[in-house]
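The file structure.txt comes next; it holds compact mmCIF, C-alpha atoms and all ligand atoms.
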# COMPACT_ATOMS: atom_id res chain seq x y z
CA MET A 20 67.38 179.33 166.54
CA LEU A 21 69.77 176.58 165.52
CA LEU A 22 71.19 176.50 169.01
CA ASN A 23 67.72 176.10 170.52
CA TRP A 24 66.90 173.22 168.21
CA ALA A 25 70.13 171.48 169.11
CA TYR A 26 69.43 172.07 172.78
CA LEU A 27 65.91 170.65 172.46
CA GLN A 28 67.21 167.57 170.65
CA SER A 29 69.80 166.92 173.34
CA ARG A 30 67.13 167.35 176.04
CA VAL A 31 64.87 164.80 174.35
CA CYS A 32 67.76 162.35 174.03
CA THR A 33 68.64 162.76 177.70
CA LEU A 34 65.01 162.20 178.71
CA LEU A 35 64.83 159.08 176.58
CA LYS A 36 68.07 157.75 178.00
CA ASN A 37 67.01 158.34 181.59
CA ASN A 38 63.41 157.20 181.28
CA THR A 39 62.62 154.32 178.95
CA ASN A 40 58.87 154.77 179.44
CA PHE A 41 59.04 158.32 178.20
CA LEU A 42 58.41 158.93 174.52
CA PRO A 43 57.33 162.47 173.67
CA ILE A 44 54.29 162.50 171.45
CA GLY A 45 56.07 164.73 168.89
CA LEU A 46 58.91 162.27 168.48
CA LEU A 47 56.47 159.38 168.21
CA ARG A 48 54.64 161.16 165.41
CA TRP A 49 57.93 161.95 163.64
CA LYS A 50 59.06 158.33 163.85
CA THR A 51 55.80 157.02 162.41
CA THR A 52 55.88 159.49 159.57
CA LYS A 53 59.43 158.49 158.63
CA LYS A 54 58.49 154.82 158.61
CA ALA A 55 55.43 155.52 156.52
CA MET A 56 57.49 157.52 154.06
CA ALA A 57 60.01 154.71 153.63
CA LYS A 58 57.15 152.40 152.68
CA SER A 59 55.33 154.91 150.47
CA LYS A 60 53.58 154.03 147.25
CA PHE A 61 56.61 155.45 145.44
CA GLU A 62 58.89 152.75 146.83
CA TYR A 63 58.42 150.61 143.71
CA VAL A 64 60.69 152.89 141.65
CA ARG A 65 63.67 151.23 143.32
CA GLU A 66 62.88 148.13 141.27
CA PHE A 67 64.12 150.00 138.20
CA GLU A 68 67.66 150.06 139.59
CA THR A 69 69.76 147.38 137.95
CA ASP A 70 72.02 144.98 139.78
CA ASP A 71 75.46 145.88 138.46
CA ARG A 72 77.55 143.74 140.77
CA CYS A 73 80.84 142.82 139.06
CA LEU A 74 81.36 139.16 138.26
CA LEU A 75 83.19 137.36 141.06
CA ASN A 76 86.81 136.30 140.74
CA CYS A 77 87.64 138.83 138.03
CA TRP A 78 90.21 141.60 138.09
CA ILE A 79 88.42 144.94 138.11
CA VAL A 80 90.13 147.65 136.09
CA VAL A 81 88.95 151.27 136.10
CA ARG A 82 90.48 153.64 133.58
CA ILE A 83 89.90 157.38 133.73
CA ASP A 84 90.68 159.68 130.80
CA GLY A 85 90.73 163.46 130.50
CA LYS A 86 88.00 165.03 128.38
CA LYS A 87 89.41 167.00 125.42
CA PHE A 88 92.84 167.33 127.01
CA HIS A 89 94.21 168.27 123.63
CA THR A 90 92.47 171.62 124.17
CA PHE A 91 92.94 171.70 127.95
CA SER A 92 96.72 171.23 127.60
CA ASP A 93 96.94 173.99 124.96
CA LYS A 94 94.89 176.48 126.96
CA HIS A 95 96.98 175.81 130.07
CA LYS A 96 100.25 175.99 128.17
CA PHE A 97 101.49 172.47 128.87
CA SER A 98 104.98 172.02 127.48
CA LYS A 99 105.34 169.63 124.56
CA PRO A 100 105.56 166.73 124.23
CA ASN A 101 105.54 166.03 128.00
CA ASP A 102 104.78 168.51 130.71
CA GLU A 103 106.40 167.33 133.93
CA ARG A 104 104.05 169.41 136.13
CA ALA A 105 101.01 167.90 134.41
CA LEU A 106 102.34 164.36 134.72
CA ASP A 107 103.21 164.87 138.40
CA LEU A 108 99.74 166.25 139.09
CA MET A 109 98.20 163.21 137.40
CA SER A 110 100.36 160.95 139.57
CA HIS A 111 99.40 162.88 142.70
CA ALA A 112 95.70 162.41 141.92
CA GLY A 113 96.34 158.74 141.07
CA LEU A 114 98.10 158.17 144.37
CA ALA A 115 95.25 159.85 146.25
CA VAL A 116 92.81 157.40 144.64
CA MET A 117 95.02 154.48 145.65
CA LYS A 118 95.13 155.72 149.24
CA GLU A 119 91.34 156.02 149.27
CA PHE A 120 90.79 152.45 148.04
CA ASN A 121 92.84 149.86 149.90
CA SER A 122 91.96 147.16 147.43
CA ILE A 123 93.66 148.84 144.47
CA VAL A 124 96.83 146.86 143.88
CA LEU A 125 98.24 148.69 140.88
CA GLY A 126 97.98 152.08 139.21
CA TYR A 127 99.40 152.97 135.81
CA GLY A 128 99.22 156.38 134.20
CA GLU A 129 100.22 158.08 130.96
CA SER A 130 99.28 161.37 129.35
CA ASP A 131 95.74 162.23 130.52
CA GLU A 132 94.74 158.72 131.59
CA TYR A 133 95.15 156.48 134.62
CA SER A 134 94.30 152.81 135.13
CA PHE A 135 93.56 151.27 138.51
CA VAL A 136 93.55 147.53 139.15
CA PHE A 137 91.45 146.22 142.04
CA LYS A 138 92.37 142.85 143.52
CA ARG A 139 90.15 140.13 142.14
CA ASN A 140 88.48 139.21 145.42
CA THR A 141 87.73 142.78 146.46
CA GLU A 142 84.39 143.35 148.16
CA VAL A 143 84.62 147.13 147.90
CA TYR A 144 81.11 148.60 147.64
CA ASN A 145 79.84 145.08 147.30
CA ARG A 146 81.53 145.09 143.84
CA ARG A 147 78.84 147.43 142.50
CA ALA A 148 80.21 148.79 139.22
CA SER A 149 78.46 152.16 139.24
CA LYS A 150 79.63 152.92 142.79
CA ILE A 151 83.23 151.96 142.02
CA ILE A 152 83.43 153.89 138.73
CA SER A 153 81.83 157.03 140.06
CA TYR A 154 83.88 157.14 143.28
CA VAL A 155 87.18 156.55 141.47
CA CYS A 156 86.37 159.17 138.85
CA SER A 157 85.22 161.81 141.31
CA ALA A 158 88.11 161.13 143.71
CA PHE A 159 90.58 161.53 140.85
CA THR A 160 88.97 164.68 139.44
CA ALA A 161 88.59 166.31 142.85
CA ASN A 162 92.25 165.67 143.67
CA TYR A 163 93.38 166.92 140.27
CA VAL A 164 91.58 170.21 140.81
CA PHE A 165 92.42 170.48 144.52
CA HIS A 166 96.17 170.09 144.00
CA TRP A 167 96.43 172.05 140.74
CA SER A 168 98.01 175.16 142.27
CA LYS A 169 100.81 173.12 143.87
CA TYR A 170 102.00 171.98 140.46
CA PHE A 171 100.97 175.04 138.44
CA PRO A 172 101.64 177.95 140.81
CA ASP A 173 101.87 180.42 137.92
CA GLN A 174 99.04 179.11 135.79
CA LEU A 175 95.45 179.76 136.80
CA MET A 176 93.03 176.95 136.09
CA LEU A 177 90.88 178.54 133.39
CA TYR A 178 88.01 176.07 133.47
CA PRO A 179 87.23 172.81 135.28
CA PRO A 180 88.75 169.71 133.70
CA MET A 181 86.61 166.60 133.37
CA PHE A 182 87.43 162.92 133.24
CA ASP A 183 85.44 159.97 131.97
CA ALA A 184 85.79 156.51 133.47
CA ARG A 185 85.11 152.96 132.40
CA LEU A 186 85.25 149.67 134.26
CA VAL A 187 86.41 146.47 132.61
CA LEU A 188 86.58 142.94 134.05
CA TYR A 189 89.48 140.65 133.23
CA PRO A 190 88.91 137.00 134.13
CA THR A 191 92.49 135.71 133.77
CA ASP A 192 95.94 136.90 134.81
CA THR A 193 97.00 136.79 131.17
CA ASN A 194 94.16 139.12 130.20
CA LEU A 195 95.22 141.56 132.91
CA ARG A 196 98.87 141.39 131.91
CA ASP A 197 97.93 141.97 128.26
CA TYR A 198 95.78 144.93 129.26
CA LEU A 199 98.76 146.51 131.03
CA SER A 200 101.06 145.68 128.10
CA TRP A 201 98.54 147.34 125.79
CA ARG A 202 98.58 150.57 127.80
CA GLN A 203 102.38 150.42 128.06
CA ALA A 204 102.74 149.96 124.29
CA ASP A 205 100.44 152.94 123.84
CA THR A 206 102.69 155.05 126.07
CA HIS A 207 105.75 153.97 124.12
CA ILE A 208 104.24 154.61 120.66
CA ASN A 209 102.74 157.97 121.60
CA ASN A 210 105.88 159.16 123.31
CA LEU A 211 108.12 158.14 120.44
CA TYR A 212 105.82 159.83 117.95
CA ASN A 213 105.36 163.01 120.00
CA THR A 214 109.06 163.30 120.84
CA CYS A 215 110.02 163.04 117.15
CA PHE A 216 107.17 165.33 116.09
CA TRP A 217 108.19 168.15 118.43
CA ALA A 218 111.94 167.61 117.86
CA LEU A 219 111.37 168.26 114.16
CA ILE A 220 109.54 171.47 114.93
CA ASN A 221 111.68 172.75 117.79
CA HIS A 222 115.09 171.66 116.53
CA GLY A 223 114.52 170.75 112.87
CA GLY A 224 113.00 174.07 111.83
CA LEU A 225 109.90 172.49 110.28
CA THR A 226 106.34 173.69 110.66
CA ASN A 227 103.56 171.84 112.39
CA ILE A 228 101.82 171.33 109.01
CA GLN A 229 104.94 170.04 107.27
CA VAL A 230 105.44 167.39 109.91
CA SER A 231 101.73 166.51 110.06
CA GLN A 232 101.59 165.97 106.30
CA SER A 233 104.48 163.55 106.29
CA LYS A 234 103.51 159.88 106.29
CA ARG A 235 106.71 158.75 107.95
CA LEU A 236 108.43 160.86 110.58
CA GLY A 237 111.58 158.85 110.05
CA ASN A 238 111.95 160.34 106.56
CA PHE A 239 112.93 163.63 108.11
CA PHE A 240 115.82 162.40 110.13
CA SER A 241 118.97 163.04 108.15
CA PRO A 242 122.61 163.16 109.27
CA SER A 243 122.29 166.95 109.52
CA LEU A 244 119.42 166.64 112.00
CA GLY A 245 121.13 163.94 113.98
CA PRO A 246 119.75 160.61 115.13
CA PHE A 247 116.30 159.92 116.49
CA PRO A 248 115.93 161.44 119.91
CA THR A 249 115.77 158.77 122.58
N1 LIG A 301 101.46 169.40 125.56
C1 LIG A 301 101.06 168.36 126.28
N2 LIG A 301 99.86 167.78 125.97
C2 LIG A 301 99.48 166.72 126.69
C3 LIG A 301 100.25 166.20 127.76
N3 LIG A 301 99.60 165.15 128.29
C4 LIG A 301 98.45 165.02 127.58
N4 LIG A 301 98.37 165.95 126.61
C5 LIG A 301 97.28 166.15 125.63
O1 LIG A 301 96.21 165.31 125.97
C6 LIG A 301 95.83 164.52 124.86
C7 LIG A 301 95.30 163.19 125.38
O2 LIG A 301 94.87 162.40 124.31
P1 LIG A 301 93.39 161.91 124.15
O3 LIG A 301 92.82 161.49 125.47
O4 LIG A 301 93.41 160.90 123.06
O5 LIG A 301 92.65 163.19 123.58
P2 LIG A 301 91.61 164.19 124.24
O6 LIG A 301 91.82 165.52 123.58
O7 LIG A 301 91.72 164.15 125.73
O8 LIG A 301 90.21 163.63 123.73
P3 LIG A 301 89.10 162.73 124.52
O9 LIG A 301 89.84 161.89 125.52
O10 LIG A 301 88.47 161.89 123.44
O11 LIG A 301 88.15 163.69 125.12
C8 LIG A 301 97.09 164.40 124.02
O12 LIG A 301 96.79 164.17 122.68
C9 LIG A 301 97.75 165.76 124.22
O13 LIG A 301 97.22 166.69 123.30
C10 LIG A 301 101.50 166.84 128.06
O14 LIG A 301 102.25 166.46 128.98
N5 LIG A 301 101.84 167.90 127.28
MG MG A 302 91.53 162.33 126.84

How does this structure look as structure tokens?
Amino acid sequence: MLLNWAYLQSRVCTLLKNNTNFLPIGLLRWKTTKKAMAKSKFEYVREFETDDRCLLNCWIVVRIDGKKFHTFSDKHKFSKPNDERALDLMSHAGLAVMKEFNSIVLGYGESDEYSFVFKRNTEVYNRRASKIISYVCSAFTANYVFHWSKYFPDQLMLYPPMFDARLVLYPTDTNLRDYLSWRQADTHINNLYNTCFWALINHGGLTNIQVSQSKRLGNFFSPSLGPFPT
């Protein structure tokens, strides 16, 4: 049946190509219907769509972040504080996004998040925010899931991970640099905290609760425990 339909279509095309005066009545009717549909009384609903074109001459930054990765990392037995397989998979997905969008000039990732900086004069998707956010987020998520088994050959993916995404515009170079410094400071603070936290549990013999209840992690580090891990 499918084959016949394809055959008929190709026959019609050949006839049209060879004879410009020939227009089968069926095709004519189909064409008119399509045109009429495009201009239907329902067309007005398009007016409800908002123009979300990003302001010109601004850096466009999209940041994706894993949904409830605290739970996802526990269920999938990520090692603490940093799981190299998980970080490599994030970087693989990040790189795939950068290959997909030529106008991304910088990517920066930590933990379950990744930031992508588009060059300020990019015309990608006519700078439409919703298109950019949704494509980046779905490209990242799809790649994360698609390449999971390469990085976690012995760990089945138990449920689909999700990522949110936001788009922010930075009008000056200083703003962009400060944004990146902000994310970098976050990496540094979180890593220092997590490294100390898990060192106290794994090597200091303390419980999760004991460490959590302490106001200052530094209080725990005594000569017997050795210096702060670096
Ligand atoms: N063990 C382990 N956990 C990680 C690793 N990378 C990320 N995580 C977890 O992912 C969390 C990411 O932090 P958030 O994004 O603030 O928390 P979240 O649980 O994802 O919550 P929402 O983003 O608000 O949905 C961390 O707190 C860790 O629990 C890793 O390499 N190892
Ligand atoms: Mg998260």

Distance query 7 Å from (90.7, 143.2, 140.9) using only C-alpha atoms, result as an MDAnalysis selection string: chainID A and resid 77:80 136:141

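Reported to one decimal place, the separation of atom O1 of ligand LIG 301 (chain A) from CA of Phe171 (chain A) is 16.5 Å.
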
Top pick for closest residue to Tyr127 (chain A), considering A:Ile208, A:Ala105, A:Leu199, A:Val143 and counting all atoms listed in the file: A:Leu199

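Where the distance criterion is 6 Å and the atoms used are only C-alpha atoms and all ligand atoms, the residues close to ligand LIG 301 (chain A) are Asp84, Gly85, Lys86, Lys87, Phe88, His89, Ser92, Phe97, Ser98, Lys99, Pro100, Asn101, Asp102, Ala105, Ser130 and Asp131 of chain A.
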
Residues within 8 Å of Cys73 (chain A), only C-alpha atoms, excluding chain neighbours under 5 positions, as a count of residues only: 5

Since the input is missing atoms for region 143-158 of chain A, could you rebuild it with N, CA and C atoms and give the result as a PDB file, in the frame of the given file?
ATOM      1  N   VAL A 143      84.876 145.709 147.759  1.00  0.00           N
ATOM      2  CA  VAL A 143      84.620 147.130 147.900  1.00  0.00           C
ATOM      3  C   VAL A 143      83.257 147.481 147.284  1.00  0.00           C
ATOM      4  N   TYR A 144      82.473 148.235 148.048  1.00  0.00           N
ATOM      5  CA  TYR A 144      81.110 148.600 147.640  1.00  0.00           C
ATOM      6  C   TYR A 144      80.317 147.431 147.080  1.00  0.00           C
ATOM      7  N   ASN A 145      80.555 146.293 147.711  1.00  0.00           N
ATOM      8  CA  ASN A 145      79.840 145.080 147.300  1.00  0.00           C
ATOM      9  C   ASN A 145      80.027 144.805 145.794  1.00  0.00           C
ATOM     10  N   ARG A 146      81.144 145.248 145.248  1.00  0.00           N
ATOM     11  CA  ARG A 146      81.530 145.090 143.840  1.00  0.00           C
ATOM     12  C   ARG A 146      80.553 145.780 142.880  1.00  0.00           C
ATOM     13  N   ARG A 147      79.810 146.750 143.385  1.00  0.00           N
ATOM     14  CA  ARG A 147      78.840 147.430 142.500  1.00  0.00           C
ATOM     15  C   ARG A 147      79.574 148.378 141.553  1.00  0.00           C
ATOM     16  N   ALA A 148      79.433 148.082 140.242  1.00  0.00           N
ATOM     17  CA  ALA A 148      80.210 148.790 139.220  1.00  0.00           C
ATOM     18  C   ALA A 148      79.992 150.301 139.254  1.00  0.00           C
ATOM     19  N   SER A 149      78.729 150.719 139.326  1.00  0.00           N
ATOM     20  CA  SER A 149      78.460 152.160 139.240  1.00  0.00           C
ATOM     21  C   SER A 149      79.075 152.905 140.429  1.00  0.00           C
ATOM     22  N   LYS A 150      79.031 152.292 141.609  1.00  0.00           N
ATOM     23  CA  LYS A 150      79.630 152.920 142.790  1.00  0.00           C
ATOM     24  C   LYS A 150      81.140 153.064 142.598  1.00  0.00           C
ATOM     25  N   ILE A 151      81.769 151.966 142.156  1.00  0.00           N
ATOM     26  CA  ILE A 151      83.230 151.960 142.020  1.00  0.00           C
ATOM     27  C   ILE A 151      83.671 152.994 140.972  1.00  0.00           C
ATOM     28  N   ILE A 152      83.030 152.959 139.800  1.00  0.00           N
ATOM     29  CA  ILE A 152      83.430 153.890 138.730  1.00  0.00           C
ATOM     30  C   ILE A 152      83.265 155.330 139.178  1.00  0.00           C
ATOM     31  N   SER A 153      82.093 155.622 139.754  1.00  0.00           N
ATOM     32  CA  SER A 153      81.830 157.030 140.060  1.00  0.00           C
ATOM     33  C   SER A 153      82.729 157.543 141.186  1.00  0.00           C
ATOM     34  N   TYR A 154      82.996 156.690 142.196  1.00  0.00           N
ATOM     35  CA  TYR A 154      83.880 157.140 143.280  1.00  0.00           C
ATOM     36  C   TYR A 154      85.305 157.348 142.774  1.00  0.00           C
ATOM     37  N   VAL A 155      85.801 156.409 141.980  1.00  0.00           N
ATOM     38  CA  VAL A 155      87.180 156.550 141.470  1.00  0.00           C
ATOM     39  C   VAL A 155      87.288 157.818 140.640  1.00  0.00           C
ATOM     40  N   CYS A 156      86.317 158.021 139.756  1.00  0.00           N
ATOM     41  CA  CYS A 156      86.370 159.170 138.850  1.00  0.00           C
ATOM     42  C   CYS A 156      86.268 160.484 139.625  1.00  0.00           C
ATOM     43  N   SER A 157      85.359 160.534 140.591  1.00  0.00           N
ATOM     44  CA  SER A 157      85.220 161.810 141.310  1.00  0.00           C
ATOM     45  C   SER A 157      86.400 162.029 142.242  1.00  0.00           C
ATOM     46  N   ALA A 158      86.940 160.961 142.846  1.00  0.00           N
ATOM     47  CA  ALA A 158      88.110 161.130 143.710  1.00  0.00           C
ATOM     48  C   ALA A 158      89.295 161.655 142.882  1.00  0.00           C
TER      49      ALA A 158
END
